[in-house]
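So this one's model.cif, mmCIF, C-alpha atoms:
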data_model
#
loop_
_atom_site.label_atom_id
_atom_site.label_comp_id
_atom_site.auth_asym_id
_atom_site.auth_seq_id
_atom_site.Cartn_x
_atom_site.Cartn_y
_atom_site.Cartn_z
CA MET A 446 -32.31 -11.37 8.44
CA PRO A 447 -31.25 -12.70 11.84
CA SER A 448 -29.90 -9.90 13.99
CA ALA A 449 -27.05 -12.12 15.25
CA ALA A 450 -25.67 -12.30 11.70
CA ARG A 451 -25.96 -8.51 11.40
CA SER A 452 -24.16 -8.00 14.70
CA ALA A 453 -21.38 -10.40 13.71
CA THR A 454 -20.93 -8.60 10.37
CA LEU A 455 -20.82 -5.21 12.07
CA ARG A 456 -18.41 -6.46 14.74
CA ASP A 457 -16.02 -7.95 12.17
CA GLY A 458 -16.15 -4.88 9.96
CA ILE A 459 -15.56 -2.45 12.81
CA GLY A 460 -12.82 -4.63 14.34
CA LEU A 461 -10.95 -4.70 11.05
CA GLY A 462 -11.43 -0.96 10.65
CA VAL A 463 -9.84 -0.23 14.02
CA ALA A 464 -6.85 -2.47 13.23
CA VAL A 465 -6.33 -0.82 9.84
CA GLY A 466 -6.47 2.60 11.51
CA LEU A 467 -3.10 1.80 13.09
CA TYR A 468 -1.57 1.63 9.61
CA GLY A 469 -2.94 5.16 9.20
CA ALA A 470 -0.61 6.41 11.95
CA ALA A 471 2.34 4.75 10.22
CA PHE A 472 1.30 6.40 6.94
CA GLY A 473 1.00 9.84 8.55
CA ALA A 474 4.48 9.49 10.02
CA ALA A 475 5.95 8.21 6.74
CA ALA A 476 4.40 11.08 4.76
CA VAL A 477 5.86 13.73 7.08
CA ALA A 478 9.23 11.97 6.98
CA ALA A 479 9.03 12.17 3.16
CA GLY A 480 8.59 15.96 3.30
CA LEU A 481 4.83 16.42 2.98
CA ASN A 482 3.12 18.86 5.33
CA ILE A 483 0.19 17.80 7.48
CA TRP A 484 -2.42 19.19 5.05
CA GLN A 485 -0.95 17.30 2.11
CA THR A 486 -0.73 14.17 4.24
CA SER A 487 -4.37 14.42 5.30
CA ALA A 488 -5.50 15.27 1.77
CA LEU A 489 -3.92 12.02 0.55
CA SER A 490 -5.78 9.93 3.12
CA LEU A 491 -9.06 11.74 2.43
CA LEU A 492 -8.83 11.75 -1.39
CA MET A 493 -6.73 8.73 -2.36
CA PHE A 494 -7.84 6.44 0.49
CA THR A 495 -5.99 3.30 -0.59
CA GLY A 496 -3.09 2.50 1.70
CA ALA A 497 -0.51 0.83 -0.53
CA SER A 498 -0.82 3.58 -3.17
CA GLN A 499 -0.45 6.27 -0.50
CA PHE A 500 2.67 4.60 0.93
CA ALA A 501 4.08 4.25 -2.60
CA LEU A 502 3.49 7.92 -3.43
CA VAL A 503 5.22 9.23 -0.32
CA GLY A 504 7.88 6.51 -0.59
CA VAL A 505 8.95 7.69 -4.05
CA LEU A 506 8.80 11.36 -2.99
CA GLY A 507 10.81 10.51 0.13
CA ALA A 508 13.47 8.84 -2.03
CA GLY A 509 13.77 12.15 -3.92
CA GLY A 510 11.68 11.03 -6.88
CA SER A 511 9.67 13.28 -9.18
CA ALA A 512 5.96 13.93 -8.78
CA LEU A 513 5.36 11.97 -11.98
CA ALA A 514 7.21 8.86 -10.73
CA ALA A 515 5.35 9.11 -7.41
CA VAL A 516 1.91 9.37 -9.05
CA GLY A 517 2.81 6.55 -11.47
CA SER A 518 3.65 4.20 -8.60
CA ALA A 519 0.41 5.07 -6.80
CA LEU A 520 -1.66 4.44 -9.94
CA LEU A 521 0.06 1.10 -10.65
CA LEU A 522 -0.92 -0.12 -7.19
CA GLY A 523 -4.39 1.44 -7.58
CA THR A 524 -5.27 -0.85 -10.50
CA ARG A 525 -6.07 -3.53 -7.90
CA ASN A 526 -9.13 -1.56 -6.88
CA THR A 527 -10.50 -1.58 -10.44
CA VAL A 528 -10.62 -5.37 -10.35
CA TYR A 529 -12.21 -5.29 -6.90
CA GLY A 530 -14.88 -2.94 -8.22
CA VAL A 531 -15.81 -5.40 -10.96
CA ARG A 532 -16.23 -8.14 -8.32
CA LEU A 533 -18.41 -5.89 -6.15
CA VAL A 534 -20.85 -4.79 -8.87
CA PRO A 535 -23.14 -7.86 -8.55
CA LEU A 536 -23.21 -7.35 -4.78
CA LEU A 537 -23.66 -3.58 -4.54
CA ARG A 538 -25.48 -2.99 -7.86
CA PRO A 539 -24.64 0.70 -7.51
CA ARG A 540 -26.42 3.33 -9.57
CA GLY A 541 -25.95 7.07 -10.04
CA VAL A 542 -24.81 9.00 -6.97
CA ARG A 543 -24.45 5.84 -4.90
CA ARG A 544 -21.95 4.46 -7.39
CA VAL A 545 -19.91 7.66 -7.21
CA ALA A 546 -19.93 7.47 -3.39
CA ALA A 547 -19.39 3.71 -3.06
CA ALA A 548 -16.39 3.80 -5.41
CA HIS A 549 -14.33 5.73 -2.86
CA TRP A 550 -14.50 2.82 -0.39
CA VAL A 551 -13.52 0.07 -2.87
CA ILE A 552 -10.27 -1.15 -1.27
CA ASP A 553 -8.65 -4.44 -0.17
CA GLU A 554 -10.43 -4.70 3.17
CA THR A 555 -13.97 -3.73 2.13
CA THR A 556 -13.79 -6.10 -0.84
CA ALA A 557 -12.56 -9.01 1.27
CA MET A 558 -15.21 -8.46 3.96
CA SER A 559 -18.08 -7.98 1.48
CA LEU A 560 -17.26 -11.03 -0.63
CA ALA A 561 -16.81 -13.16 2.51
CA ALA A 562 -20.31 -12.32 3.78
CA PRO A 563 -22.86 -15.15 3.49
CA ASP A 564 -25.46 -13.26 1.45
CA ARG A 565 -25.94 -10.11 -0.59
CA GLU A 566 -27.59 -8.02 2.12
CA LEU A 567 -24.90 -8.86 4.68
CA GLY A 568 -22.30 -8.21 2.00
CA ARG A 569 -23.61 -4.68 1.52
CA LEU A 570 -23.70 -4.17 5.28
CA ALA A 571 -20.12 -5.43 5.55
CA PHE A 572 -19.06 -3.01 2.80
CA LEU A 573 -20.64 -0.04 4.57
CA ALA A 574 -19.52 -0.97 8.11
CA THR A 575 -15.95 -1.77 7.09
CA GLY A 576 -15.71 1.20 4.73
CA ALA A 577 -17.05 3.74 7.24
CA THR A 578 -14.89 2.48 10.12
CA ILE A 579 -11.72 2.35 8.06
CA TYR A 580 -12.37 5.75 6.49
CA LEU A 581 -12.80 7.39 9.90
CA GLY A 582 -9.97 5.45 11.58
CA TRP A 583 -7.52 5.82 8.69
CA ASN A 584 -8.01 9.58 8.42
CA ALA A 585 -7.97 10.24 12.17
CA MET A 586 -4.84 8.16 12.71
CA THR A 587 -3.14 9.78 9.70
CA VAL A 588 -3.36 13.09 11.55
CA VAL A 589 -2.06 11.50 14.77
CA GLY A 590 0.90 9.94 12.96
CA ALA A 591 1.71 13.14 11.06
CA LEU A 592 1.59 15.30 14.20
CA GLY A 593 3.68 12.75 16.11
CA ALA A 594 6.36 12.60 13.41
CA ALA A 595 6.47 16.39 13.04
CA ALA A 596 7.37 16.67 16.76
CA LEU A 597 10.33 14.30 16.53
CA GLY A 598 14.03 15.22 16.57
CA GLY A 599 17.43 13.52 16.18
CA THR A 600 17.37 9.95 17.39
CA ALA A 601 13.59 9.65 17.08
CA ARG A 602 13.92 10.70 13.45
CA ALA A 603 16.42 7.86 12.90
CA ALA A 604 13.83 5.52 14.41
CA LEU A 605 11.21 6.82 11.98
CA ASP A 606 13.62 6.34 9.05
CA ALA A 607 13.86 2.67 10.03
CA VAL A 608 10.09 2.35 10.45
CA VAL A 609 9.27 3.38 6.85
CA PRO A 610 11.01 0.46 5.05
CA ALA A 611 9.67 -1.87 7.75
CA ALA A 612 6.13 -0.67 6.95
CA PHE A 613 6.67 -1.46 3.26
CA LEU A 614 8.01 -4.88 4.20
CA ALA A 615 4.90 -5.50 6.31
CA LEU A 616 2.71 -4.63 3.30
CA LEU A 617 4.75 -6.99 1.10
CA TRP A 618 5.04 -9.86 3.59
CA PRO A 619 1.63 -11.56 3.08
CA ARG A 620 2.45 -11.97 -0.64
CA LEU A 621 5.62 -13.89 0.22
CA ARG A 622 3.92 -16.42 2.50
CA ARG A 623 3.53 -19.99 1.25
CA THR A 624 -0.25 -19.75 1.48
CA PHE A 625 -0.50 -16.82 -0.98
CA PRO A 626 -1.51 -17.85 -4.54
CA GLU A 627 1.64 -18.46 -6.61
CA ALA A 628 3.89 -17.58 -3.69
CA ALA A 629 7.00 -18.83 -5.50
CA VAL A 630 6.41 -16.42 -8.40
CA GLN A 631 5.62 -13.60 -5.96
CA ARG A 632 8.97 -14.17 -4.26
CA ARG A 633 10.89 -14.15 -7.54
CA VAL A 634 9.09 -10.99 -8.64
CA ALA A 635 9.79 -9.29 -5.29
CA LEU A 636 13.46 -10.24 -5.35
CA GLY A 637 13.75 -9.07 -8.95
CA GLY A 638 12.10 -5.74 -8.13
CA ALA A 639 14.45 -5.09 -5.20
CA VAL A 640 17.61 -6.07 -7.10
CA VAL A 641 16.76 -4.01 -10.20
CA ALA A 642 15.87 -0.97 -8.07
CA LEU A 643 19.17 -1.11 -6.16
CA ALA A 644 21.20 -1.75 -9.33
CA LEU A 645 19.67 1.29 -11.07
CA THR A 646 19.94 3.64 -8.08
CA PRO A 647 23.36 5.15 -8.99
CA PHE A 648 22.37 5.74 -12.63
CA VAL A 649 18.83 7.15 -12.83
CA PRO A 650 17.04 10.08 -11.16
CA ALA A 651 15.81 9.15 -7.67
CA GLY A 652 12.38 7.53 -7.74
CA VAL A 653 12.66 6.43 -11.35
CA GLN A 654 14.39 3.20 -10.31
CA VAL A 655 11.19 2.10 -8.55
CA ILE A 656 9.07 2.42 -11.70
CA ALA A 657 11.89 0.98 -13.82
CA ALA A 658 12.10 -2.05 -11.52
CA VAL A 659 8.41 -2.74 -11.99
CA VAL A 660 8.62 -2.40 -15.77
CA ALA A 661 11.75 -4.58 -15.95
CA VAL A 662 10.15 -7.33 -13.88
CA ALA A 663 6.95 -7.13 -15.94
CA LEU A 664 8.94 -7.45 -19.17
CA ALA A 665 11.15 -10.22 -17.78
CA GLY A 666 8.81 -12.85 -19.08
CA ARG A 667 5.43 -14.39 -18.77
CA PRO A 668 4.73 -16.70 -15.85
CA ARG A 669 5.81 -20.24 -16.70
CA ALA A 670 3.21 -22.75 -17.85
CA GLY A 671 1.09 -23.80 -14.91
CA GLU A 672 1.88 -20.56 -13.06
CA ARG A 673 -0.16 -18.33 -15.33
CA PRO A 674 -2.44 -16.15 -13.22
CA THR A 675 -6.17 -16.26 -13.80
CA ALA A 676 -8.64 -13.50 -13.20
CA GLN A 677 -10.32 -15.52 -10.42
CA GLU A 678 -7.32 -16.30 -8.27
CA GLU A 679 -5.89 -13.25 -6.68
CA MET A 680 -8.29 -12.32 -3.91
CA PRO A 681 -6.45 -11.38 -0.73
CA MET B 1243 10.44 19.77 -4.32
CA THR B 1244 8.20 22.83 -4.17
CA GLY B 1245 4.94 22.87 -2.25
CA THR B 1246 3.07 23.31 -5.52
CA ALA B 1247 4.64 20.19 -7.04
CA LEU B 1248 3.82 18.21 -3.89
CA TRP B 1249 0.21 19.38 -4.04
CA ALA B 1250 0.06 18.46 -7.73
CA ALA B 1251 1.26 14.92 -6.89
CA VAL B 1252 -1.21 14.62 -4.01
CA LEU B 1253 -4.19 15.81 -6.08
CA ALA B 1254 -3.33 14.00 -9.32
CA GLY B 1255 -2.62 10.78 -7.45
CA GLY B 1256 -5.80 11.09 -5.38
CA VAL B 1257 -8.06 11.79 -8.35
CA GLY B 1258 -6.36 9.10 -10.46
CA CYS B 1259 -6.75 6.43 -7.79
CA TYR B 1260 -10.40 7.40 -7.28
CA LEU B 1261 -11.08 7.12 -11.02
CA LEU B 1262 -9.49 3.63 -11.05
CA LYS B 1263 -11.95 2.61 -8.32
CA LEU B 1264 -14.91 4.20 -10.11
CA ALA B 1265 -13.95 2.48 -13.36
CA GLY B 1266 -14.31 -0.91 -11.67
CA LEU B 1267 -17.92 -0.13 -10.76
CA SER B 1268 -18.67 1.44 -14.14
CA VAL B 1269 -17.16 -0.46 -17.05
CA PRO B 1270 -18.23 -3.90 -18.37
CA ALA B 1271 -16.52 -6.72 -16.47
CA ALA B 1272 -15.02 -8.12 -19.70
CA TRP B 1273 -12.96 -4.95 -20.16
CA VAL B 1274 -11.25 -5.47 -16.83
CA GLU B 1275 -10.96 -9.25 -16.71
CA GLN B 1276 -8.20 -9.40 -19.30
CA PRO B 1277 -5.12 -11.57 -18.75
CA TRP B 1278 -2.77 -8.57 -18.77
CA VAL B 1279 -4.87 -6.77 -16.17
CA ALA B 1280 -4.83 -9.85 -13.95
CA ARG B 1281 -1.06 -10.02 -14.40
CA VAL B 1282 -0.59 -6.39 -13.37
CA VAL B 1283 -2.83 -6.83 -10.35
CA ASP B 1284 -1.18 -10.11 -9.32
CA PHE B 1285 2.48 -9.24 -9.63
CA VAL B 1286 3.05 -5.48 -9.84
CA PRO B 1287 2.46 -4.97 -6.09
CA ALA B 1288 5.21 -7.46 -5.16
CA ALA B 1289 7.75 -5.85 -7.52
CA LEU B 1290 6.79 -2.31 -6.52
CA LEU B 1291 6.68 -2.91 -2.77
CA ALA B 1292 9.98 -4.83 -2.83
CA ALA B 1293 11.61 -2.04 -4.85
CA LEU B 1294 10.35 0.48 -2.31
CA VAL B 1295 11.64 -1.63 0.61
CA ALA B 1296 15.08 -1.73 -1.01
CA VAL B 1297 15.17 1.97 -1.94
CA GLN B 1298 13.86 3.14 1.44
CA ALA B 1299 16.21 0.89 3.41
CA ALA B 1300 19.45 1.09 1.50
CA THR B 1301 19.68 4.24 -0.65
CA SER B 1302 19.99 7.98 -0.24
CA GLY B 1303 19.65 10.00 -3.44
CA ASN B 1304 21.85 8.24 -5.99
CA HIS B 1305 23.94 6.36 -3.42
CA LEU B 1306 23.69 2.97 -1.82
CA VAL B 1307 23.90 3.51 1.93
CA LEU B 1308 24.29 1.06 4.79
CA ASP B 1309 22.96 2.47 8.06
CA GLY B 1310 20.53 1.83 10.91
CA ARG B 1311 17.63 1.46 8.49
CA LEU B 1312 18.96 -1.93 7.35
CA VAL B 1313 19.28 -3.04 10.97
CA GLY B 1314 15.67 -2.01 11.52
CA LEU B 1315 14.60 -3.85 8.36
CA ALA B 1316 16.33 -7.06 9.47
CA VAL B 1317 14.63 -6.86 12.86
CA ALA B 1318 11.28 -6.24 11.12
CA ALA B 1319 11.76 -9.31 8.90
CA VAL B 1320 12.42 -11.50 11.93
CA ALA B 1321 9.36 -10.06 13.72
CA LEU B 1322 7.16 -10.64 10.65
CA ALA B 1323 8.45 -14.22 10.31
CA LEU B 1324 7.41 -14.76 13.94
CA ARG B 1325 3.98 -13.33 13.06
CA ALA B 1326 4.28 -10.33 15.33
CA PRO B 1327 1.44 -7.78 15.04
CA PHE B 1328 2.00 -4.79 12.74
CA VAL B 1329 2.51 -2.30 15.57
CA VAL B 1330 5.09 -4.54 17.26
CA VAL B 1331 6.98 -4.89 13.96
CA LEU B 1332 7.18 -1.12 13.51
CA VAL B 1333 8.15 -0.41 17.14
CA LEU B 1334 10.93 -3.02 17.03
CA ALA B 1335 12.22 -1.70 13.68
CA GLY B 1336 12.18 1.86 15.01
CA ALA B 1337 13.96 0.88 18.24
CA ALA B 1338 16.62 -1.04 16.31
CA GLY B 1339 17.14 1.87 13.91
CA ALA B 1340 17.45 4.36 16.78
CA LEU B 1341 19.87 2.07 18.66
CA ALA B 1342 22.06 1.68 15.56
CA HIS B 1343 21.99 5.47 15.12
CA VAL B 1344 23.10 6.05 18.73
CA LEU B 1345 25.79 3.34 18.66
CA GLY B 1346 27.11 3.88 15.15
CA GLY B 1347 26.39 7.53 14.50
#

How would this structure read if it were set down as structure tokens?
Amino acid sequence: MPSAARSATLRDGIGLGVAVGLYGAAFGAAAVAAGLNIWQTSALSLLMFTGASQFALVGVLGAGGSALAAVGSALLLGTRNTVYGVRLVPLLRPRGVRRVAAAHWVIDETTAMSLAAPDRELGRLAFLATGATIYLGWNAMTVVGALGAAALGGTARAALDAVVPAAFLALLWPRLRRTFPEAAVQRRVALGGAVVALALTPFVPAGVQVIAAVVAVALAGRPRAGERPTAQEEMP
Amino acid sequence: MTGTALWAAVLAGGVGCYLLKLAGLSVPAAWVEQPWVARVVDFVPAALLAALVAVQAATSGNHLVLDGRLVGLAVAAVALALRAPFVVVLVLAGAAGALAHVLGG
């Protein structure tokens, strides 16, 4: 394999990993704002290691939700990674211990980088380079964010309270762009989720409205003809 | 919530999310590539993330609350529409939230 292609793959993977590490700081701060201590915050990044699920778990806890509602939200978002795993099997062909280890790094970014690589060997390299960089960066920056948030008082805490919903909006935003598959449906689903969650807030235990919003939107009807999702379409 | 309950959520969520990843590498593709799975994966994130945006920005316990968080969210939306980098979006949202807190109490 040409070494230039290897270098480019490594450079892209590591570059993405560094950028994603910054989200780690936002997660660490959000987790502390939600009432987790630094050990619980770090344990989430080490064990769960899938950003949207981690944000969802601390988001529901921060809203006063139960542990069950928080875990449910995290698992709902975690189903994405199951589909990614299926896509990665032909590329990684993992067996035994390697499968158990590789599974932990099956996330949005490693999947996108691996599947974008020009051949199987570069795909595996992209998976390892991106996975290792993000794992290190995400966990290190989680600690930085958690320590930073723990040191805040008064006005800075108000700033952090405003940062948490902004971070969720930043996670949601790419799905609302015109270029995202079925962007019109994504927008309707997002609007529906927000409206149902706010409407239920006065009437259900905190945190439950988030799960209820998802269920309500899911039950609200199948996508219209021509908008039906297919299993091949939803790569980020 | 007690420390024990928080730890239970952290550990159960962590193990559960890991098992979802492992399942993708372990089960036959046909099990996963079902229409309802594709539907969950396509649309649940938008509903869930939007619900979290709304709850985090505009509620406190069982109450709807209007405060600096909504100001921060509006600033974040403008920054995202202008394709600002993630860090810039968060800094602007935080600054707007802090300013609203100082001005409005």

Can you list what the PyMOL selection byres ((chain A and resi 603) around 9) grabs from this structure, as a list in words?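 Taken over the shown coordinates, the PyMOL selection byres ((chain A and resi 603) around 9) returns Gly598, Gly599, Thr600, Ala601, Arg602, Ala604, Leu605, Asp606, Ala607 and Val608 of chain A; Gly1310, Arg1311, Gly1336, Gly1339, Ala1340, Leu1341, Ala1342 and His1343 of chain B.
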
Result set of the PyMOL selection byres ((chain A and resi 457) around 12) on the coordinates above, as a PyMOL selection string: chain A and resi 450-456+458-464+554-555+557-559+561-562+567-568+570-576+578-579

Can you translate the PyMOL selection byres ((chain A and resi 483) around 9) into the concrete residues it hits in this file, as a ChimeraX atom specification? /A:473,476-477,481-482,484-488,587-588,591-592,595

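With all atoms listed in the file as the basis for measurement, B:Ala1289 is the residue among B:Ala1289, B:Ala1321, B:Val1282, B:Val1269 that approaches chain A most closely.
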
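If you look at atom CA of Ala497 of chain A and atom CA of Leu522 of chain A, they are 6.7 Å away from each other.
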
Give me the residues within 12 Å of segment 1243-1252 of chain B as a ChimeraX atom specification, counting all atoms listed in the file and dropping any in the same chain fewer than 4 places off. /A:476,479-494,498-503,505-520 /B:1256-1259

One number please: atom CA of Tyr468 of chain A to atom CA of Asp553 of chain A, in Å, one decimal.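 So the two atoms, atom CA of Tyr468 of chain A and atom CA of Asp553 of chain A, lie 13.5 Å apart.
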
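Atom CA of Ala642 of chain A sits 28.3 Å away from atom CA of Leu1261 of chain B.
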
Please, which residues in chain B fall within 12 Å of segment 649-664 of chain A when counting all atoms listed in the file, and what is the closest atom pair and distance in Å to one decimal for each, ordered by chain then residue number, as CSV?
residue,atom,partner,partner_atom,distance
B:Trp1278,CA,A:Ala663,CA,10.2
B:Val1279,CA,A:Ala663,CA,11.8
B:Arg1281,CA,A:Ala663,CA,8.7
B:Val1282,CA,A:Ala663,CA,8.0
B:Val1283,CA,A:Ala663,CA,11.3
B:Asp1284,CA,A:Ala663,CA,10.9
B:Phe1285,CA,A:Ala663,CA,8.0
B:Val1286,CA,A:Val659,CA,6.4
B:Pro1287,CA,A:Val659,CA,8.7
B:Ala1288,CA,A:Val659,CA,8.9
B:Ala1289,CA,A:Val659,CA,5.5
B:Leu1290,CA,A:Val659,CA,5.7
B:Leu1291,CA,A:Val655,CA,8.9
B:Ala1292,CA,A:Val655,CA,9.1
B:Ala1293,CA,A:Val655,CA,5.6
B:Leu1294,CA,A:Val655,CA,6.5
B:Val1295,CA,A:Val655,CA,9.9
B:Ala1296,CA,A:Val655,CA,9.3
B:Val1297,CA,A:Val655,CA,7.7
B:Gln1298,CA,A:Gly652,CA,10.3
B:Thr1301,CA,A:Ala651,CA,9.4
B:Ser1302,CA,A:Ala651,CA,8.6
B:Gly1303,CA,A:Ala651,CA,5.8
B:Asn1304,CA,A:Ala651,CA,6.3
B:His1305,CA,A:Ala651,CA,9.6
B:Leu1306,CA,A:Ala651,CA,11.6

Quick one: 3 Å padding each side, axis-aligned, all listed atoms of segment 1292-1295 of chain B - centre and edge lengths in Å to one decimal, as AutoDock Vina command-line options?
--center_x 10.8 --center_y -2.2 --center_z -2.1 --size_x 7.7 --size_y 11.3 --size_z 11.5

Between A:Ala639, A:Ala474, A:Leu521, A:Ala547, which residue has the minimum interatomic distance to chain B, considering only C-alpha atoms?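 Once distances to chain B are computed over only C-alpha atoms, the minimum belongs to A:Ala639.
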
Return the single residue from A:Pro619, A:Pro535, A:Pro610, A:Gly466 that is closest to chain B, with distances computed using all atoms listed in the file.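 Distance minimum relative to chain B lands on A:Pro610.
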
Would you fill out segment 482-493 of chain A with N, CA and C atoms and return it as a tab-separated table (two decimals), keeping the file's coordinate frame?
chain	number	residue	atom	x	y	z
A	482	ASN	N	3.62	18.22	4.12
A	482	ASN	CA	3.12	18.86	5.33
A	482	ASN	C	1.85	18.14	5.76
A	483	ILE	N	1.31	18.55	6.91
A	483	ILE	CA	0.19	17.80	7.48
A	483	ILE	C	-1.06	17.90	6.61
A	484	TRP	N	-1.24	19.04	5.92
A	484	TRP	CA	-2.42	19.19	5.05
A	484	TRP	C	-2.32	18.26	3.85
A	485	GLN	N	-1.13	18.20	3.26
A	485	GLN	CA	-0.95	17.30	2.11
A	485	GLN	C	-1.12	15.84	2.54
A	486	THR	N	-0.61	15.53	3.72
A	486	THR	CA	-0.73	14.17	4.24
A	486	THR	C	-2.20	13.79	4.44
A	487	SER	N	-2.95	14.69	5.06
A	487	SER	CA	-4.37	14.42	5.30
A	487	SER	C	-5.15	14.38	3.99
A	488	ALA	N	-4.80	15.26	3.05
A	488	ALA	CA	-5.50	15.27	1.77
A	488	ALA	C	-5.33	13.93	1.06
A	489	LEU	N	-4.14	13.33	1.18
A	489	LEU	CA	-3.92	12.02	0.55
A	489	LEU	C	-4.84	10.97	1.16
A	490	SER	N	-4.93	10.94	2.49
A	490	SER	CA	-5.78	9.93	3.12
A	490	SER	C	-7.26	10.15	2.81
A	491	LEU	N	-7.66	11.43	2.72
A	491	LEU	CA	-9.06	11.74	2.43
A	491	LEU	C	-9.40	11.43	0.97
A	492	LEU	N	-8.51	11.82	0.04
A	492	LEU	CA	-8.83	11.75	-1.39
A	492	LEU	C	-8.43	10.43	-2.03
A	493	MET	N	-7.22	9.96	-1.71
A	493	MET	CA	-6.73	8.73	-2.36
A	493	MET	C	-7.33	7.52	-1.66
